[in-house]
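What follows is query.pdb (PDB, C-alpha atoms and all ligand atoms).
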MODEL        1
ATOM      1  CA  MET A1244     -15.918   3.850 -13.897  1.00  0.00           C
ATOM      2  CA  ALA A1245     -15.453   5.592 -10.605  1.00  0.00           C
ATOM      3  CA  VAL A1246     -11.879   6.716 -10.263  1.00  0.00           C
ATOM      4  CA  ALA A1247     -10.605   9.161  -7.732  1.00  0.00           C
ATOM      5  CA  MET A1248      -7.150  10.352  -6.924  1.00  0.00           C
ATOM      6  CA  THR A1249      -6.367  12.022  -3.671  1.00  0.00           C
ATOM      7  CA  GLY A1250      -3.480  13.101  -1.571  1.00  0.00           C
ATOM      8  CA  PRO A1251      -2.203  11.271   1.471  1.00  0.00           C
ATOM      9  CA  GLN A1252      -4.980  12.692   3.631  1.00  0.00           C
ATOM     10  CA  PHE A1253      -7.653  10.609   1.926  1.00  0.00           C
ATOM     11  CA  ASP A1254      -9.842   9.371   4.711  1.00  0.00           C
ATOM     12  CA  ALA A1255     -13.242   8.643   3.257  1.00  0.00           C
ATOM     13  CA  PRO A1256     -15.405   6.082   5.023  1.00  0.00           C
ATOM     14  CA  HIS A1257     -16.653   2.997   3.258  1.00  0.00           C
ATOM     15  CA  ALA A1258     -18.823   5.151   1.089  1.00  0.00           C
ATOM     16  CA  ALA A1259     -19.148   3.003  -2.013  1.00  0.00           C
ATOM     17  CA  ALA A1260     -22.767   2.416  -2.844  1.00  0.00           C
ATOM     18  CA  GLN A1261     -24.064  -0.997  -1.959  1.00  0.00           C
ATOM     19  CA  VAL A1262     -25.972  -2.704  -4.721  1.00  0.00           C
ATOM     20  CA  PRO A1263     -28.972  -4.643  -3.405  1.00  0.00           C
ATOM     21  CA  GLY A1264     -28.293  -8.352  -3.403  1.00  0.00           C
ATOM     22  CA  GLU A1265     -24.545  -7.888  -3.548  1.00  0.00           C
ATOM     23  CA  PRO A1266     -22.063  -8.145  -0.715  1.00  0.00           C
ATOM     24  CA  PRO A1267     -21.038  -4.859   0.904  1.00  0.00           C
ATOM     25  CA  ALA A1268     -18.247  -2.954  -0.781  1.00  0.00           C
ATOM     26  CA  GLN A1269     -14.791  -3.695   0.536  1.00  0.00           C
ATOM     27  CA  LYS A1270     -11.890  -1.377   0.807  1.00  0.00           C
ATOM     28  CA  VAL A1271      -8.441  -2.801   0.348  1.00  0.00           C
ATOM     29  CA  THR A1272      -5.158  -1.033   0.985  1.00  0.00           C
ATOM     30  CA  VAL A1273      -2.180  -2.168  -1.083  1.00  0.00           C
ATOM     31  CA  HIS A1274       1.384  -0.977  -0.590  1.00  0.00           C
ATOM     32  CA  ILE A1275       3.553  -1.148  -3.694  1.00  0.00           C
ATOM     33  CA  VAL A1276       7.244  -0.386  -3.915  1.00  0.00           C
ATOM     34  CA  ALA A1277       8.637   0.673  -7.288  1.00  0.00           C
ATOM     35  CA  GLU A1278      12.302   0.204  -8.059  1.00  0.00           C
ATOM     36  CA  ARG A1279      14.430  -0.396 -11.143  1.00  0.00           C
ATOM     37  CA  PHE A1280      12.801  -2.293 -12.748  1.00  0.00           C
ATOM     38  CA  ARG A1281       9.817  -3.768 -11.041  1.00  0.00           C
ATOM     39  CA  PHE A1282       6.798  -3.199  -8.876  1.00  0.00           C
ATOM     40  CA  SER A1283       6.506  -5.256  -5.691  1.00  0.00           C
ATOM     41  CA  PRO A1284       4.003  -6.783  -5.581  1.00  0.00           C
ATOM     42  CA  ASP A1285       3.201  -6.834  -9.285  1.00  0.00           C
ATOM     43  CA  GLU A1286      -0.021  -8.811  -9.063  1.00  0.00           C
ATOM     44  CA  ILE A1287      -2.929  -7.638  -6.918  1.00  0.00           C
ATOM     45  CA  ARG A1288      -6.132  -9.633  -6.577  1.00  0.00           C
ATOM     46  CA  ILE A1289      -9.356  -8.059  -5.382  1.00  0.00           C
ATOM     47  CA  ARG A1290     -13.058  -8.848  -5.487  1.00  0.00           C
ATOM     48  CA  ARG A1291     -15.324  -7.000  -7.853  1.00  0.00           C
ATOM     49  CA  GLY A1292     -16.963  -4.095  -6.050  1.00  0.00           C
ATOM     50  CA  ALA A1293     -13.920  -3.421  -3.898  1.00  0.00           C
ATOM     51  CA  THR A1294     -12.099  -0.129  -3.836  1.00  0.00           C
ATOM     52  CA  VAL A1295      -8.325  -0.310  -3.799  1.00  0.00           C
ATOM     53  CA  GLU A1296      -6.282   2.356  -2.132  1.00  0.00           C
ATOM     54  CA  PHE A1297      -2.745   2.060  -3.489  1.00  0.00           C
ATOM     55  CA  HIS A1298       0.141   3.500  -1.536  1.00  0.00           C
ATOM     56  CA  LEU A1299       3.032   3.762  -3.950  1.00  0.00           C
ATOM     57  CA  GLU A1300       6.580   4.558  -3.054  1.00  0.00           C
ATOM     58  CA  SER A1301       9.899   4.427  -4.853  1.00  0.00           C
ATOM     59  CA  ASP A1302      13.046   2.771  -3.597  1.00  0.00           C
ATOM     60  CA  ASP A1303      15.240   4.685  -6.046  1.00  0.00           C
ATOM     61  CA  THR A1304      14.346   7.176  -8.773  1.00  0.00           C
ATOM     62  CA  ASP A1305      11.093   8.663 -10.083  1.00  0.00           C
ATOM     63  CA  HIS A1306       8.724   6.118 -11.562  1.00  0.00           C
ATOM     64  CA  GLY A1307       5.209   6.302 -12.937  1.00  0.00           C
ATOM     65  CA  PHE A1308       2.010   4.423 -12.215  1.00  0.00           C
ATOM     66  CA  ARG A1309      -0.483   4.174 -15.049  1.00  0.00           C
ATOM     67  CA  ILE A1310      -3.448   1.811 -15.082  1.00  0.00           C
ATOM     68  CA  LEU A1311      -4.302   1.093 -18.687  1.00  0.00           C
ATOM     69  CA  GLY A1312      -7.882   1.803 -19.680  1.00  0.00           C
ATOM     70  CA  THR A1313      -8.336   4.360 -16.912  1.00  0.00           C
ATOM     71  CA  ASP A1314      -7.323   7.969 -16.454  1.00  0.00           C
ATOM     72  CA  ILE A1315      -4.927   7.049 -13.642  1.00  0.00           C
ATOM     73  CA  ASP A1316      -1.377   8.122 -14.455  1.00  0.00           C
ATOM     74  CA  ARG A1317       0.742   9.425 -11.620  1.00  0.00           C
ATOM     75  CA  VAL A1318       4.383  10.044 -10.847  1.00  0.00           C
ATOM     76  CA  ILE A1319       5.862   8.120  -7.930  1.00  0.00           C
ATOM     77  CA  PRO A1320       8.466  10.466  -6.499  1.00  0.00           C
ATOM     78  CA  LYS A1321      12.006   9.349  -5.881  1.00  0.00           C
ATOM     79  CA  ARG A1322      13.071   7.670  -2.670  1.00  0.00           C
ATOM     80  CA  GLY A1323      12.737   9.865   0.362  1.00  0.00           C
ATOM     81  CA  ARG A1324      10.083  12.112  -1.204  1.00  0.00           C
ATOM     82  CA  GLY A1325       7.162  10.180   0.251  1.00  0.00           C
ATOM     83  CA  ALA A1326       4.400   7.956  -1.059  1.00  0.00           C
ATOM     84  CA  ILE A1327       1.444   8.803  -3.245  1.00  0.00           C
ATOM     85  CA  THR A1328      -2.073   7.475  -2.822  1.00  0.00           C
ATOM     86  CA  VAL A1329      -4.199   6.336  -5.747  1.00  0.00           C
ATOM     87  CA  VAL A1330      -7.774   5.176  -5.260  1.00  0.00           C
ATOM     88  CA  PHE A1331      -9.166   2.809  -7.849  1.00  0.00           C
ATOM     89  CA  THR A1332     -12.631   1.274  -8.031  1.00  0.00           C
ATOM     90  CA  PRO A1333     -12.763  -1.067 -11.011  1.00  0.00           C
ATOM     91  CA  ASP A1334     -16.213  -1.330 -12.510  1.00  0.00           C
ATOM     92  CA  HIS A1335     -15.974  -4.840 -13.901  1.00  0.00           C
ATOM     93  CA  ALA A1336     -14.199  -8.108 -13.314  1.00  0.00           C
ATOM     94  CA  GLY A1337     -11.093  -8.873 -15.335  1.00  0.00           C
ATOM     95  CA  LYS A1338      -7.506  -7.786 -15.587  1.00  0.00           C
ATOM     96  CA  TYR A1339      -6.265  -4.231 -15.457  1.00  0.00           C
ATOM     97  CA  ALA A1340      -2.668  -3.900 -16.505  1.00  0.00           C
ATOM     98  CA  PHE A1341      -0.535  -1.217 -14.954  1.00  0.00           C
ATOM     99  CA  GLU A1342       2.874   0.036 -15.986  1.00  0.00           C
ATOM    100  CA  CYS A1343       5.541   2.552 -15.262  1.00  0.00           C
ATOM    101  CA  SER A1344       4.764   5.701 -17.237  1.00  0.00           C
ATOM    102  CA  LYS A1345       7.943   7.624 -16.572  1.00  0.00           C
ATOM    103  CA  ILE A1346      11.198   6.798 -18.301  1.00  0.00           C
ATOM    104  CA  CYS A1347      13.433   5.463 -15.556  1.00  0.00           C
ATOM    105  CA  GLY A1348      16.236   3.605 -17.309  1.00  0.00           C
ATOM    106  CA  ALA A1349      17.057   0.660 -19.511  1.00  0.00           C
ATOM    107  CA  GLY A1350      14.443  -1.621 -17.940  1.00  0.00           C
ATOM    108  CA  HIS A1351      11.607   0.896 -17.982  1.00  0.00           C
ATOM    109  CA  ASP A1352       9.563  -1.151 -20.461  1.00  0.00           C
ATOM    110  CA  PHE A1353       9.675  -4.142 -18.134  1.00  0.00           C
ATOM    111  CA  MET A1354       8.008  -2.375 -15.236  1.00  0.00           C
ATOM    112  CA  HIS A1355       4.439  -3.548 -15.237  1.00  0.00           C
ATOM    113  CA  GLY A1356       1.914  -5.534 -13.290  1.00  0.00           C
ATOM    114  CA  VAL A1357      -1.751  -6.424 -13.127  1.00  0.00           C
ATOM    115  CA  VAL A1358      -4.780  -5.905 -10.952  1.00  0.00           C
ATOM    116  CA  VAL A1359      -6.988  -8.984 -11.176  1.00  0.00           C
ATOM    117  CA  VAL A1360     -10.619  -8.308 -10.293  1.00  0.00           C
ATOM    118  CA  GLU A1361     -12.494 -11.500  -9.474  1.00  0.00           C
ATOM    119  CA  ASP A1362     -16.238 -11.960  -9.513  1.00  0.00           C
TER     120      ASP A1362
HETATM  121 CU1  LIG B   1      10.058   2.854 -13.723  1.00  0.00          CU
HETATM  122 CU2  LIG B   1       9.908   3.673 -15.925  1.00  0.00          CU
ENDMDL
END

Give the structure from the file, written as structure tokens.
Ligand code: CUA
Amino acid sequence: MAVAMTGPQFDAPHAAAQVPGEPPAQKVTVHIVAERFRFSPDEIRIRRGATVEFHLESDDTDHGFRILGTDIDRVIPKRGRGAITVVFTPDHAGKYAFECSKICGAGHDFMHGVVVVED
């Protein structure tokens, strides 16, 4: 699995390798707002082969962003401290659950969502 995490200056071109016979790799940018106790949006659909660049920002306190089954686990800083960028290139179709990985209050366990990768 190709996973990269970068700062806000990430500016790579569409560099994902193109597999012969497959459509060209897509890059998708998704803005997600975290707040007690949800992510908005909490369901993201992409095509297999696409790279997602998440821009995550909090509308209140610190939250976390962990994609299960990957090594992605970042802190989303509290409101006013800016957004973080997480780049994710899923290597197979299916569902990748994500969740808040930083204790943020009584509803912490309810903060989750899913990235659906379609063939
Ligand atoms: Cu948000 Cu824990």

Problem - Surrounding residues of range 1297-1304 of chain A excluding itself and chain neighbours under 3 positions, 8 Å, only C-alpha atoms, as a list of chain:residue names - result: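 My list of contacting residues is A:Thr1272, A:Val1273, A:His1274, A:Ile1275, A:Val1276, A:Ala1277, A:Glu1278, A:Arg1279, A:Ile1319, A:Pro1320, A:Lys1321, A:Arg1322, A:Gly1325, A:Ala1326, A:Ile1327, A:Thr1328, A:Val1329, A:Val1330, A:Phe1331, A:Cys1347.
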
Exercise for the section: Could you tell me which of A:Arg1317, A:Thr1332, A:His1306, A:Val1359 comes closest to ligand LIG 1 (chain B) if we count only C-alpha atoms and all ligand atoms? Expected result: A:His1306

Problem - Selection under test: the PyMOL selection byres (((not hetatm)) within 8 of (chain B and resi 1)); residues as JSON, numbers by chain - result: {"A": [1277, 1278, 1279, 1280, 1281, 1304, 1305, 1306, 1307, 1342, 1343, 1344, 1345, 1346, 1347, 1348, 1350, 1351, 1352, 1354]}

Exercise for the section: Check the smallest atom-to-atom distance from each of A:Val1318, A:Gly1292, A:Glu1286, A:Glu1361 to Ala1340 in chain A using only C-alpha atoms, then report the winner. Expected result: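 Counting only C-alpha atoms, the residue closest to Ala1340 in chain A is A:Glu1286.
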
Practice task
Using all atoms listed in the file, find the one residue out of A:Gly1356, A:Tyr1339, A:Ile1289, A:Asp1362 that sits nearest to Val1271 in chain A.
Solution key: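 So, comparing all the options, the nearest one is A:Ile1289.
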
Using the chain letters and residue numbers of this document, give as a PDB file with C-alpha atoms, in the coordinates of the input the residues selected by the PyMOL selection byres (((chain A and resi 1337) around 6) and not hetatm).
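After the write, selection-v5.pdb holds the following:
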ATOM      1  CA  ALA A1336     -14.199  -8.108 -13.314  1.00  0.00           C
ATOM      2  CA  LYS A1338      -7.506  -7.786 -15.587  1.00  0.00           C
ATOM      3  CA  VAL A1359      -6.988  -8.984 -11.176  1.00  0.00           C
ATOM      4  CA  VAL A1360     -10.619  -8.308 -10.293  1.00  0.00           C
TER       5      VAL A1360
END

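Closest approach to Pro1333 in chain A from the set A:Arg1291, A:Asp1314, A:Lys1270, A:Phe1282 is made by A:Arg1291, with distances taken over only C-alpha atoms.
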
Handout entry: CA of Gly1323 in chain A to CA of Glu1296 in chain A, straight-line distance in Å
Key =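 Those two atoms sit 20.6 Å apart.
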